[in-house]
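So this block is query.csv, CSV, C-alpha atoms and all ligand atoms:
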chain,number,residue,atom,x,y,z
A,7,MET,CA,194.8,118.4,55.1
A,8,SER,CA,194.7,122.2,54.9
A,9,HIS,CA,191.5,124.2,54.7
A,10,ASP,CA,192.2,125.2,51.1
A,11,SER,CA,192.6,121.6,49.9
A,12,ILE,CA,189.4,120.6,51.8
A,13,ALA,CA,187.4,123.4,50.3
A,14,SER,CA,188.6,122.6,46.8
A,15,ALA,CA,187.8,118.9,47.3
A,16,LEU,CA,184.1,119.7,48.0
A,17,PRO,CA,182.0,117.9,45.4
A,18,HIS,CA,179.9,119.9,42.9
A,19,GLU,CA,180.5,123.2,44.5
A,20,ALA,CA,179.1,126.1,42.4
A,21,ALA,CA,181.8,128.6,41.3
A,22,PRO,CA,182.1,131.4,43.9
A,23,VAL,CA,181.4,135.0,42.9
A,24,LEU,CA,184.5,135.9,44.8
A,25,GLU,CA,187.5,133.9,45.8
A,26,VAL,CA,190.3,135.6,47.8
A,27,LYS,CA,193.5,133.5,48.0
A,28,ASP,CA,196.3,134.2,50.4
A,29,LEU,CA,195.9,138.0,50.1
A,30,HIS,CA,198.7,140.2,51.4
A,31,THR,CA,198.4,144.0,51.5
A,32,GLN,CA,201.1,146.4,52.8
A,33,PHE,CA,201.5,150.1,53.2
A,34,ASP,CA,204.6,152.2,53.0
A,35,THR,CA,204.8,154.3,56.1
A,36,ARG,CA,207.5,156.5,57.6
A,37,ALA,CA,208.2,153.8,60.2
A,38,GLY,CA,208.6,151.1,57.5
A,39,VAL,CA,206.5,148.7,55.5
A,40,LEU,CA,203.3,148.0,57.4
A,41,PRO,CA,201.9,144.4,56.8
A,42,VAL,CA,198.2,145.0,57.2
A,43,VAL,CA,196.6,141.9,55.5
A,44,ASN,CA,198.7,138.8,56.0
A,45,GLY,CA,197.3,135.9,54.1
A,46,VAL,CA,193.5,136.3,54.0
A,47,GLY,CA,191.5,133.7,52.0
A,48,PHE,CA,187.8,132.9,51.6
A,49,ARG,CA,185.1,132.1,49.1
A,50,LEU,CA,181.8,133.9,48.7
A,51,HIS,CA,178.9,132.5,46.8
A,52,LYS,CA,175.9,134.1,45.1
A,53,GLY,CA,173.3,135.3,47.5
A,54,LYS,CA,175.5,134.8,50.5
A,55,VAL,CA,176.7,137.3,53.1
A,56,LEU,CA,180.1,137.0,54.8
A,57,GLY,CA,180.5,139.0,58.0
A,58,LEU,CA,184.1,140.2,58.4
A,59,VAL,CA,184.6,141.0,62.1
A,60,GLY,CA,187.5,141.9,64.4
A,61,GLU,CA,188.7,144.8,66.6
A,62,SER,CA,189.7,148.1,65.2
A,63,GLY,CA,192.9,147.8,63.2
A,64,SER,CA,192.6,144.1,62.4
A,65,GLY,CA,192.6,144.8,58.7
A,66,LYS,CA,188.9,144.5,57.8
A,67,SER,CA,188.6,147.7,55.8
A,68,VAL,CA,191.9,147.2,54.1
A,69,THR,CA,190.8,143.7,53.0
A,70,GLY,CA,187.7,145.4,51.5
A,71,PHE,CA,189.7,148.1,49.8
A,72,SER,CA,192.2,145.6,48.4
A,73,ILE,CA,189.4,143.6,46.8
A,74,MET,CA,187.8,146.7,45.3
A,75,GLY,CA,191.1,148.2,44.1
A,76,LEU,CA,190.6,151.2,46.4
A,77,LEU,CA,194.0,151.3,48.1
A,78,ASP,CA,195.7,154.6,48.3
A,79,ALA,CA,199.1,155.3,46.7
A,80,ALA,CA,201.0,154.0,49.8
A,81,GLY,CA,199.2,150.7,49.7
A,82,ARG,CA,199.6,147.6,47.5
A,83,ILE,CA,198.6,144.0,47.2
A,84,SER,CA,202.0,142.3,47.6
A,85,ALA,CA,200.8,138.7,47.1
A,86,GLY,CA,197.7,136.7,46.5
A,87,GLU,CA,194.7,136.6,44.2
A,88,VAL,CA,191.3,138.3,44.2
A,89,LEU,CA,189.2,136.2,41.8
A,90,PHE,CA,185.9,137.9,40.9
A,91,GLN,CA,183.9,135.7,38.7
A,92,GLY,CA,187.2,133.9,38.0
A,93,GLN,CA,189.1,137.1,36.9
A,94,ASP,CA,192.0,138.2,39.1
A,95,LEU,CA,191.3,141.8,40.1
A,96,ALA,CA,194.8,142.1,41.6
A,97,LYS,CA,196.1,142.1,38.1
A,98,LEU,CA,193.7,144.7,36.6
A,99,ASP,CA,194.7,148.3,36.0
A,100,ALA,CA,192.9,151.2,37.7
A,101,ARG,CA,190.7,151.9,34.6
A,102,ALA,CA,189.4,148.4,34.4
A,103,LEU,CA,188.7,148.3,38.1
A,104,ARG,CA,186.9,151.6,37.9
A,105,SER,CA,184.6,150.3,35.3
A,106,LEU,CA,183.8,147.3,37.5
A,107,ARG,CA,183.1,149.4,40.5
A,108,GLY,CA,179.6,151.0,40.6
A,109,ASN,CA,178.6,148.4,38.0
A,110,ARG,CA,179.3,144.7,38.8
A,111,MET,CA,180.7,145.5,42.2
A,112,ALA,CA,180.0,148.3,44.7
A,113,MET,CA,181.3,149.5,48.0
A,114,ILE,CA,179.2,151.1,50.8
A,115,PHE,CA,181.1,153.2,53.4
A,116,GLN,CA,180.4,154.1,57.0
A,117,ASP,CA,180.2,157.8,55.9
A,118,PRO,CA,177.6,158.2,53.1
A,119,MET,CA,179.3,161.4,52.1
A,120,ALA,CA,182.2,159.3,50.8
A,121,THR,CA,179.7,158.4,48.1
A,122,LEU,CA,177.5,161.5,47.8
A,123,ASN,CA,178.5,164.7,46.3
A,124,PRO,CA,177.2,167.5,48.6
A,125,VAL,CA,176.6,170.0,45.8
A,126,LEU,CA,174.6,167.8,43.4
A,127,ARG,CA,171.0,166.8,43.7
A,128,ILE,CA,170.3,163.1,44.4
A,129,ASP,CA,168.7,162.6,40.9
A,130,VAL,CA,171.8,164.0,39.1
A,131,GLN,CA,174.1,161.7,41.1
A,132,MET,CA,171.9,158.6,40.5
A,133,LEU,CA,171.5,159.3,36.8
A,134,GLU,CA,175.2,159.7,36.4
A,135,THR,CA,175.8,156.4,38.1
A,136,ILE,CA,173.4,154.7,35.7
A,137,ARG,CA,174.7,156.5,32.6
A,138,ALA,CA,178.4,155.7,33.4
A,139,HIS,CA,177.6,152.0,33.0
A,140,ARG,CA,174.5,151.3,31.0
A,141,ARG,CA,172.2,152.7,28.3
A,142,MET,CA,168.8,153.8,29.6
A,143,GLY,CA,166.5,156.6,28.5
A,144,LYS,CA,166.1,159.4,31.0
A,145,LEU,CA,162.5,158.6,32.0
A,146,GLU,CA,163.2,154.9,32.4
A,147,ALA,CA,166.4,155.8,34.4
A,148,LEU,CA,164.4,158.1,36.7
A,149,GLU,CA,161.8,155.4,37.3
A,150,HIS,CA,164.6,153.0,38.1
A,151,CYS,CA,166.0,155.6,40.6
A,152,ARG,CA,162.6,156.0,42.2
A,153,LYS,CA,162.2,152.2,42.5
A,154,THR,CA,165.6,151.7,44.0
A,155,LEU,CA,165.1,154.4,46.6
A,156,ALA,CA,161.7,152.8,47.5
A,157,ARG,CA,163.4,149.5,47.8
A,158,MET,CA,165.7,151.0,50.5
A,159,GLY,CA,162.6,152.1,52.4
A,160,ILE,CA,162.8,155.7,51.4
A,161,PRO,CA,159.4,157.4,51.5
A,162,SER,CA,158.3,159.8,48.8
A,163,PRO,CA,161.2,158.8,46.5
A,164,ALA,CA,160.2,161.3,43.8
A,165,GLU,CA,160.6,164.2,46.2
A,166,ARG,CA,163.9,162.8,47.6
A,167,LEU,CA,165.3,162.7,44.2
A,168,LYS,CA,165.1,166.5,44.0
A,169,ALA,CA,166.9,167.0,47.3
A,170,TYR,CA,170.5,167.8,48.1
A,171,PRO,CA,172.3,165.5,50.5
A,172,HIS,CA,172.3,168.1,53.3
A,173,GLN,CA,168.5,168.2,53.2
A,174,LEU,CA,168.3,164.5,54.3
A,175,SER,CA,168.8,163.0,57.7
A,176,GLY,CA,171.9,160.8,58.4
A,177,GLY,CA,169.9,157.6,58.1
A,178,MET,CA,168.2,158.8,54.9
A,179,ARG,CA,171.6,159.8,53.4
A,180,GLN,CA,173.0,156.3,54.1
A,181,ARG,CA,169.9,154.7,52.5
A,182,VAL,CA,170.5,156.9,49.4
A,183,ALA,CA,174.2,156.0,49.3
A,184,ILE,CA,173.2,152.3,49.5
A,185,ALA,CA,170.6,152.8,46.7
A,186,ILE,CA,173.3,154.3,44.5
A,187,ALA,CA,175.4,151.2,45.1
A,188,LEU,CA,172.5,149.1,44.0
A,189,LEU,CA,171.5,151.0,40.9
A,190,ASN,CA,173.4,148.7,38.5
A,191,ASP,CA,172.6,145.4,40.2
A,192,PRO,CA,176.1,144.6,41.4
A,193,GLU,CA,177.0,140.9,41.8
A,194,LEU,CA,179.2,141.8,44.8
A,195,ILE,CA,178.7,144.5,47.5
A,196,ILE,CA,181.2,145.3,50.2
A,197,ALA,CA,179.6,147.2,53.0
A,198,ASP,CA,182.1,148.7,55.4
A,199,GLU,CA,180.3,149.4,58.7
A,200,PRO,CA,177.5,151.4,57.0
A,201,THR,CA,175.2,151.3,59.9
A,202,THR,CA,177.6,151.9,62.8
A,203,ALA,CA,176.9,155.7,63.0
A,204,LEU,CA,173.1,155.3,62.9
A,205,ASP,CA,170.8,154.7,65.9
A,206,VAL,CA,169.8,151.2,66.6
A,207,THR,CA,166.2,151.3,65.2
A,208,ILE,CA,167.4,152.7,61.8
A,209,GLN,CA,170.3,150.2,61.9
A,210,ALA,CA,167.9,147.3,62.3
A,211,GLN,CA,165.7,148.6,59.5
A,212,ILE,CA,168.6,148.9,57.1
A,213,LEU,CA,170.0,145.5,58.0
A,214,SER,CA,166.6,143.9,57.3
A,215,GLU,CA,166.3,145.7,54.0
A,216,MET,CA,169.8,144.5,53.0
A,217,GLN,CA,168.9,141.0,54.0
A,218,GLN,CA,165.8,141.1,51.8
A,219,LEU,CA,167.8,142.5,48.9
A,220,VAL,CA,170.4,139.7,49.0
A,221,ARG,CA,167.5,137.2,49.0
A,222,GLU,CA,165.8,138.8,46.1
A,223,THR,CA,168.7,139.6,43.9
A,224,GLY,CA,171.3,137.0,44.7
A,225,THR,CA,174.0,139.6,45.3
A,226,ALA,CA,177.0,138.3,47.2
A,227,MET,CA,177.9,140.6,50.1
A,228,ILE,CA,180.7,141.2,52.6
A,229,TRP,CA,179.6,143.0,55.7
A,230,ILE,CA,182.5,144.5,57.6
A,231,SER,CA,181.8,145.2,61.3
A,232,HIS,CA,183.5,145.3,64.6
A,233,ASP,CA,180.2,144.3,66.1
A,234,LEU,CA,179.5,140.5,66.1
A,235,SER,CA,175.9,141.1,67.1
A,236,VAL,CA,175.3,143.0,63.8
A,237,VAL,CA,176.6,140.3,61.6
A,238,ALA,CA,175.0,137.6,63.7
A,239,GLY,CA,171.5,138.5,62.3
A,240,LEU,CA,172.6,139.2,58.7
A,241,ALA,CA,175.5,137.0,57.6
A,242,ASP,CA,175.6,133.3,56.5
A,243,ASP,CA,179.3,133.0,57.4
A,244,ILE,CA,181.6,134.8,59.7
A,245,ALA,CA,185.4,135.3,59.3
A,246,VAL,CA,187.1,136.7,62.4
A,247,MET,CA,190.2,138.7,61.7
A,248,TYR,CA,193.1,139.4,64.0
A,249,ALA,CA,196.3,141.3,63.0
A,250,GLY,CA,195.5,140.9,59.3
A,251,ARG,CA,194.7,137.1,59.4
A,252,ILE,CA,191.5,135.1,59.6
A,253,VAL,CA,191.7,133.3,62.9
A,254,GLU,CA,188.3,131.6,62.7
A,255,HIS,CA,185.9,131.1,59.8
A,256,GLY,CA,182.6,129.2,59.4
A,257,SER,CA,178.9,129.4,59.4
A,258,VAL,CA,177.3,131.9,61.8
A,259,ASP,CA,175.9,129.0,63.8
A,260,ASP,CA,179.3,127.2,64.0
A,261,VAL,CA,181.3,130.3,64.9
A,262,LEU,CA,178.8,131.8,67.4
A,263,ASP,CA,177.5,128.6,69.0
A,264,ASN,CA,180.8,126.7,69.0
A,265,PRO,CA,183.6,129.3,69.0
A,266,GLN,CA,187.0,127.6,69.1
A,267,HIS,CA,189.5,130.5,69.0
A,268,PRO,CA,190.2,132.3,72.3
A,269,TYR,CA,190.0,135.6,70.4
A,270,THR,CA,186.5,134.8,69.0
A,271,GLN,CA,185.5,133.7,72.5
A,272,GLY,CA,186.8,137.0,73.8
A,273,LEU,CA,184.7,138.9,71.2
A,274,ILE,CA,181.6,137.0,72.1
A,275,GLY,CA,182.3,137.4,75.9
A,276,SER,CA,182.5,141.2,75.4
A,277,LEU,CA,179.0,141.4,73.8
A,278,PRO,CA,176.3,142.8,76.1
A,279,SER,CA,173.4,140.4,76.3
A,280,ALA,CA,169.8,140.2,77.5
A,281,ASN,CA,170.7,138.5,80.7
A,282,GLN,CA,173.6,140.8,81.3
A,283,ARG,CA,172.7,141.2,85.0
A,284,GLN,CA,173.6,137.6,85.5
A,285,ARG,CA,176.8,137.7,83.4
A,286,ARG,CA,179.7,140.1,83.7
A,287,LEU,CA,180.9,141.7,80.5
A,288,GLN,CA,184.3,140.3,79.8
A,289,GLN,CA,187.2,142.1,78.2
A,290,ILE,CA,190.0,140.8,76.0
A,291,SER,CA,193.1,141.8,78.1
A,292,GLY,CA,196.1,143.5,76.5
A,293,MET,CA,196.4,145.6,73.4
A,294,ALA,CA,196.1,144.9,69.7
A,295,PRO,CA,199.6,144.1,68.3
A,296,ASN,CA,201.9,146.5,66.7
A,297,LEU,CA,201.8,145.5,63.0
A,298,LEU,CA,205.4,146.6,62.5
A,299,ASP,CA,206.5,144.2,65.2
A,300,LEU,CA,204.3,141.1,64.9
A,301,PRO,CA,205.3,138.1,67.0
A,302,PRO,CA,206.8,135.3,64.9
A,303,GLY,CA,204.1,132.8,65.8
A,304,CYS,CA,200.5,133.4,66.7
A,305,ALA,CA,199.8,137.1,66.8
A,306,PHE,CA,197.2,136.6,69.6
A,307,ALA,CA,199.6,134.7,71.9
A,308,PRO,CA,200.7,137.7,74.0
A,309,ARG,CA,197.0,138.2,75.0
A,310,CYS,CA,195.9,134.6,75.0
A,311,PRO,CA,195.0,132.8,78.3
A,312,ARG,CA,195.9,129.5,76.6
A,313,ALA,CA,199.3,130.4,75.1
A,314,GLN,CA,202.0,127.7,75.3
A,315,PRO,CA,205.6,127.6,74.0
A,316,ARG,CA,204.3,126.1,70.8
A,317,CYS,CA,202.5,129.3,70.0
A,318,GLN,CA,205.9,130.8,69.0
A,319,GLU,CA,205.3,129.0,65.7
A,320,PRO,CA,202.6,130.2,63.3
A,321,PRO,CA,199.4,128.1,63.4
A,322,ALA,CA,197.6,127.3,60.2
A,323,LEU,CA,193.8,127.6,59.6
A,324,GLU,CA,192.7,124.0,60.3
A,325,PRO,CA,189.2,122.4,60.2
A,326,VAL,CA,187.5,122.1,63.6
A,327,ALA,CA,186.0,118.7,62.7
A,328,ALA,CA,186.3,116.5,59.6
A,329,ALA,CA,184.6,118.0,56.6
A,330,GLY,CA,181.3,116.3,55.8
A,331,ASP,CA,180.0,115.9,52.2
A,332,THR,CA,178.1,119.2,52.3
A,333,THR,CA,178.9,122.4,50.5
A,334,ALA,CA,178.6,124.4,53.7
A,335,THR,CA,181.6,126.4,54.7
A,336,VAL,CA,184.0,124.3,56.7
A,337,HIS,CA,184.5,125.6,60.3
A,338,THR,CA,188.2,126.4,60.6
A,339,VAL,CA,190.4,127.8,63.3
A,340,ARG,CA,193.9,129.1,63.5
A,341,CYS,CA,195.0,127.9,66.9
A,342,PHE,CA,197.2,125.0,68.2
A,343,PHE,CA,194.9,124.7,71.3
A,344,PRO,CA,191.3,125.3,70.1
A,345,GLY,CA,188.5,124.5,72.3
A,346,ALA,CA,185.0,125.2,73.2
A,347,ALA,CA,184.0,127.7,75.9
A,348,PRO,CA,180.3,126.8,76.2
A,349,GLU,CA,179.5,129.6,78.6
A,350,LEU,CA,180.3,132.1,75.9
A,351,SER,CA,178.3,130.7,73.0
A,352,ARG,CA,175.5,132.8,71.5
A,353,SER,CA,172.9,130.4,72.9
A,354,ALA,CA,174.2,131.1,76.4
A,355,ALA,CA,174.4,134.9,75.9
B,1,LIG,N1,196.3,154.3,54.0
B,1,LIG,C1,197.0,153.8,55.0
B,1,LIG,N2,198.3,154.0,55.2
B,1,LIG,C2,198.9,153.4,56.3
B,1,LIG,N3,198.3,152.5,57.1
B,1,LIG,C3,197.1,152.3,56.9
B,1,LIG,C4,196.3,152.9,55.9
B,1,LIG,N4,195.0,152.4,55.9
B,1,LIG,C5,195.0,151.6,57.0
B,1,LIG,N5,196.2,151.5,57.6
B,1,LIG,C6,196.5,150.7,58.8
B,1,LIG,O1,196.1,149.4,58.6
B,1,LIG,C7,195.6,148.8,59.8
B,1,LIG,C8,194.3,148.2,59.6
B,1,LIG,O2,193.3,149.2,59.2
B,1,LIG,P1,191.8,148.8,58.8
B,1,LIG,O3,191.2,150.2,58.6
B,1,LIG,O4,191.8,147.8,57.8
B,1,LIG,O5,191.3,148.2,60.2
B,1,LIG,P2,189.8,147.8,60.5
B,1,LIG,O6,189.9,146.4,61.0
B,1,LIG,O7,188.9,148.0,59.4
B,1,LIG,O8,189.5,148.7,61.7
B,1,LIG,P3,188.4,149.9,61.9
B,1,LIG,O9,187.2,149.1,62.4
B,1,LIG,O10,189.0,150.8,63.0
B,1,LIG,O11,188.3,150.5,60.6
B,1,LIG,C9,195.6,150.0,60.8
B,1,LIG,O12,196.8,149.8,61.6
B,1,LIG,C10,195.8,151.2,60.0
B,1,LIG,O13,196.5,152.2,60.7
Once you've parsed the file, please lay out its structure as structure tokens.
Ligand SMILES: Nc1ncnc2c1ncn2[C@@H]1O[C@H](COP(=O)(O)OP(=O)(O)OP(=O)(O)O)[C@@H](O)[C@H]1O
Amino acid sequence: MSHDSIASALPHEAAPVLEVKDLHTQFDTRAGVLPVVNGVGFRLHKGKVLGLVGESGSGKSVTGFSIMGLLDAAGRISAGEVLFQGQDLAKLDARALRSLRGNRMAMIFQDPMATLNPVLRIDVQMLETIRAHRRMGKLEALEHCRKTLARMGIPSPAERLKAYPHQLSGGMRQRVAIAIALLNDPELIIADEPTTALDVTIQAQILSEMQQLVRETGTAMIWISHDLSVVAGLADDIAVMYAGRIVEHGSVDDVLDNPQHPYTQGLIGSLPSANQRQRRLQQISGMAPNLLDLPPGCAFAPRCPRAQPRCQEPPALEPVAAAGDTTATVHTVRCFFPGAAPELSRSAA
């Protein structure tokens, strides 16, 4: 039984906020058609955080852009569905997508200046975001802006509202960009490595604020990161991407305590840990694949210590154990030879 049929057989499952089905995204490049997302699928429920992880170039950001309708002119969804509250976003035109973004769904970028306009005061930018999507008197809207900045841990929000972006520190700018994304109470947030450029203490504060926000508002969130340790503390589920495919998916506990795919095990093995002096940092040998020349079977096989002749065929995403009668995400792995590597689990790290 495939993962999809198991997931749809779960009893009394609430409708997901987002369901991505067999998503394929390509770019036209000079060298040819680049297949960047190659059959990604998952469900995301209200109040849940999915951590999308993988090495640079694995297709995490393009998955986020595809969902949000933010692909540039060279990119397109070539197959699949992106069901947001049941509506297929892949079929909406640019105008309809624009009206959903900043309103019912929002994206947060690594660089806050992708959101902020350098020549406009913060209050002007925030008020514009509110006015574009809802009716609110100016005083009420300003109060809403102040509260939203305060919610993101910004001190003296009334003063910050009068500032220009360059008058704020990098961490503060990112908090403001996140506050703008939150202004209209989105049902879905996609955060693309928003804390990667910040120092670790500010990163930890923002992660904890985001976690609280999800608990309070029930927003569903995708947190994109190359860093498993960041998503470990924040996400409910993890999807590990390699060469545009999900190779392992499940709850944080399942994926980190019982990783089955050699690639997930490699990512966990490369994490620095508290007892690092007793354990050598491991590397995943070899290079990420050339997307223009993907192997016919498992894309990870050329780097995989467990590869066998059968890996010339493409493995499907299959459940690790028989699905129980719970609504928790079924732990799945895309590998013909999955297996535990207990010395690499989070508890051993
Ligand atoms: N606009 C584009 N045109 C052509 N190729 C693109 C475009 N955007 C992304 N790509 C290619 O798609 C692949 C995946 O990129 P993506 O940004 O999704 O990776 P990622 O997993 O998010 O990595 P990173 O953490 O480095 O951002 C890369 O090979 C990249 O070069």
* To do: Could you give me the residues within 8 Å of ligand LIG 1 (chain B), counting only C-alpha atoms and all ligand atoms, as a PyMOL selection string?
  => chain A and resi 32-35+40-43+59-70+77-81+198-199+230-232+247+249-250+296-297
* What does the distance from CA of Ile228 in chain A to CA of Gln289 in chain A come to in Å, to one decimal? ->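 Interatomic distance, CA of Ile228 in chain A to CA of Gln289 in chain A: 26.4 Å.
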* To do: Please measure the separation of CA of Asn44 in chain A and CA of Pro268 in chain A, giving the value in Å to one decimal.
  => 19.5 Å
* **Selection: 10 Å around Val261 in chain A, all atoms listed in the file, excl. self and same-chain fewer than 2 positions, as a list in words** =>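 Final neighbour list, sorted by chain and number: Ala238, Asp243, Ile244, Ala245, Val246, Glu254, His255, Gly256, Ser257, Val258, Asp259, Asp263, Asn264, Pro265, Gln266, His267, Thr270, Gln271, Ile274, His337, Thr338, Val339, Ser351 and Arg352 of chain A.
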* **Nearest candidate to Gln218 in chain A (options A:Leu240, A:Leu298, A:Ala112, A:Val26; using all atoms listed in the file)** =>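 For Gln218 in chain A, the nearest of the given residues is A:Leu240.
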* For Gly108 in chain A, the nearest of the candidates A:Leu133, A:Leu189, A:Val206, A:Met227, counting all atoms listed in the file ->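 The answer is A:Leu189, which sits nearest to Gly108 in chain A.
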* Close residues, Ile290 in chain A itself excluded, 8 Å, all atoms listed in the file, min 5 positions apart in chain, as a PyMOL selection string -> chain A and resi 269+272-273+276+309
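Distances from A:Pro192, A:Pro118, A:Pro124, A:Gly143 to Tyr170 in chain A were compared using all atoms listed in the file, and the smallest one belongs to A:Pro124.
Between CA of Asp242 in chain A and CA of Asp28 in chain A the separation is 21.6 Å.
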* Near-Val23 in chain A list (9 Å; only C-alpha atoms; drop same-chain fewer than 2 positions) as a ChimeraX atom specification -> /A:21,25,49-52,89-92,193-194,226
* **Within 9 Å of file point (173.1, 145.6, 60.6), counting all atoms listed in the file, expressed as a ChimeraX atom specification** => /A:199-202,206,209-214,216,229,231,235-240
* Asked: Excluding same-chain residues fewer than 2 positions from Ala85 in chain A, what lies within 12 Å of it counting all atoms listed in the file, as a VMD selection string?
  -> chain A and resid 26 to 32 41 43 to 47 72 82 to 83 87 to 88 94 96 to 97
* Selection: 12 Å around Gln131 in chain A, all atoms listed in the file, excl. self and same-chain fewer than 3 positions, as a PyMOL selection string -> chain A and resi 121-128+134-138+147-148+151+167-171+182-183+185-187+189
* Using only C-alpha atoms, which of A:Leu204, A:Gly275, A:Met158, A:Asp233 sits nearest Gly57 in chain A? -> A:Asp233
* May I have the protein, DNA and RNA residues with any atom at most 7 Å from the point (184.0, 149.1, 49.7), counting all atoms listed in the file, written as number ranges by chain? => A: 70-71, 74, 112-115, 196-198
Could you write range 62-82 of chain A of the block just shown to a file containing N, CA and C atoms, as an mmCIF file, in the first residue's frame?
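As a result, decode-v3.cif now contains:
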data_model
loop_
_atom_site.group_PDB
_atom_site.id
_atom_site.type_symbol
_atom_site.label_atom_id
_atom_site.label_comp_id
_atom_site.auth_asym_id
_atom_site.auth_seq_id
_atom_site.Cartn_x
_atom_site.Cartn_y
_atom_site.Cartn_z
ATOM 1 N N SER A 62 21.809 22.298 0.285
ATOM 2 C CA SER A 62 21.606 23.362 -0.676
ATOM 3 C C SER A 62 21.320 22.768 -2.064
ATOM 4 N N GLY A 63 20.306 23.293 -2.724
ATOM 5 C CA GLY A 63 19.998 22.835 -4.082
ATOM 6 C C GLY A 63 19.029 21.667 -4.137
ATOM 7 N N SER A 64 18.529 21.219 -2.964
ATOM 8 C CA SER A 64 17.639 20.053 -2.981
ATOM 9 C C SER A 64 16.212 20.405 -3.412
ATOM 10 N N GLY A 65 15.920 21.708 -3.541
ATOM 11 C CA GLY A 65 14.609 22.106 -4.052
ATOM 12 C C GLY A 65 13.647 22.607 -2.991
ATOM 13 N N LYS A 66 14.160 22.915 -1.809
ATOM 14 C CA LYS A 66 13.285 23.353 -0.710
ATOM 15 C C LYS A 66 12.629 24.701 -1.035
ATOM 16 N N SER A 67 13.471 25.668 -1.414
ATOM 17 C CA SER A 67 12.910 27.006 -1.687
ATOM 18 C C SER A 67 11.964 26.956 -2.873
ATOM 19 N N VAL A 68 12.344 26.220 -3.905
ATOM 20 C CA VAL A 68 11.482 26.168 -5.097
ATOM 21 C C VAL A 68 10.142 25.507 -4.745
ATOM 22 N N THR A 69 10.154 24.550 -3.832
ATOM 23 C CA THR A 69 8.880 23.972 -3.365
ATOM 24 C C THR A 69 8.032 25.078 -2.724
ATOM 25 N N GLY A 70 8.668 25.887 -1.857
ATOM 26 C CA GLY A 70 7.938 26.991 -1.205
ATOM 27 C C GLY A 70 7.430 27.999 -2.216
ATOM 28 N N PHE A 71 8.279 28.389 -3.170
ATOM 29 C CA PHE A 71 7.862 29.366 -4.189
ATOM 30 C C PHE A 71 6.727 28.799 -5.043
ATOM 31 N N SER A 72 6.799 27.502 -5.344
ATOM 32 C CA SER A 72 5.742 26.892 -6.169
ATOM 33 C C SER A 72 4.396 26.971 -5.447
ATOM 34 N N ILE A 73 4.417 26.682 -4.147
ATOM 35 C CA ILE A 73 3.163 26.713 -3.375
ATOM 36 C C ILE A 73 2.592 28.128 -3.359
ATOM 37 N N MET A 74 3.474 29.107 -3.176
ATOM 38 C CA MET A 74 3.043 30.506 -3.038
ATOM 39 C C MET A 74 2.788 31.188 -4.383
ATOM 40 N N GLY A 75 3.088 30.510 -5.483
ATOM 41 C CA GLY A 75 2.925 31.153 -6.796
ATOM 42 C C GLY A 75 3.961 32.232 -7.020
ATOM 43 N N LEU A 76 5.183 32.012 -6.537
ATOM 44 C CA LEU A 76 6.235 33.026 -6.649
ATOM 45 C C LEU A 76 7.363 32.600 -7.586
ATOM 46 N N LEU A 77 7.103 31.662 -8.472
ATOM 47 C CA LEU A 77 8.156 31.251 -9.414
ATOM 48 C C LEU A 77 8.400 32.381 -10.408
ATOM 49 N N ASP A 78 9.653 32.519 -10.839
ATOM 50 C CA ASP A 78 9.919 33.554 -11.844
ATOM 51 C C ASP A 78 9.485 33.046 -13.227
ATOM 52 N N ALA A 79 9.715 33.901 -14.252
ATOM 53 C CA ALA A 79 9.177 33.592 -15.587
ATOM 54 C C ALA A 79 9.728 32.293 -16.161
ATOM 55 N N ALA A 80 10.937 31.886 -15.725
ATOM 56 C CA ALA A 80 11.529 30.661 -16.295
ATOM 57 C C ALA A 80 10.980 29.396 -15.631
ATOM 58 N N GLY A 81 10.262 29.554 -14.522
ATOM 59 C CA GLY A 81 9.819 28.384 -13.765
ATOM 60 C C GLY A 81 8.339 28.104 -13.944
ATOM 61 N N ARG A 82 7.959 26.841 -13.827
ATOM 62 C CA ARG A 82 6.527 26.506 -13.900
ATOM 63 C C ARG A 82 6.249 25.194 -13.174
#
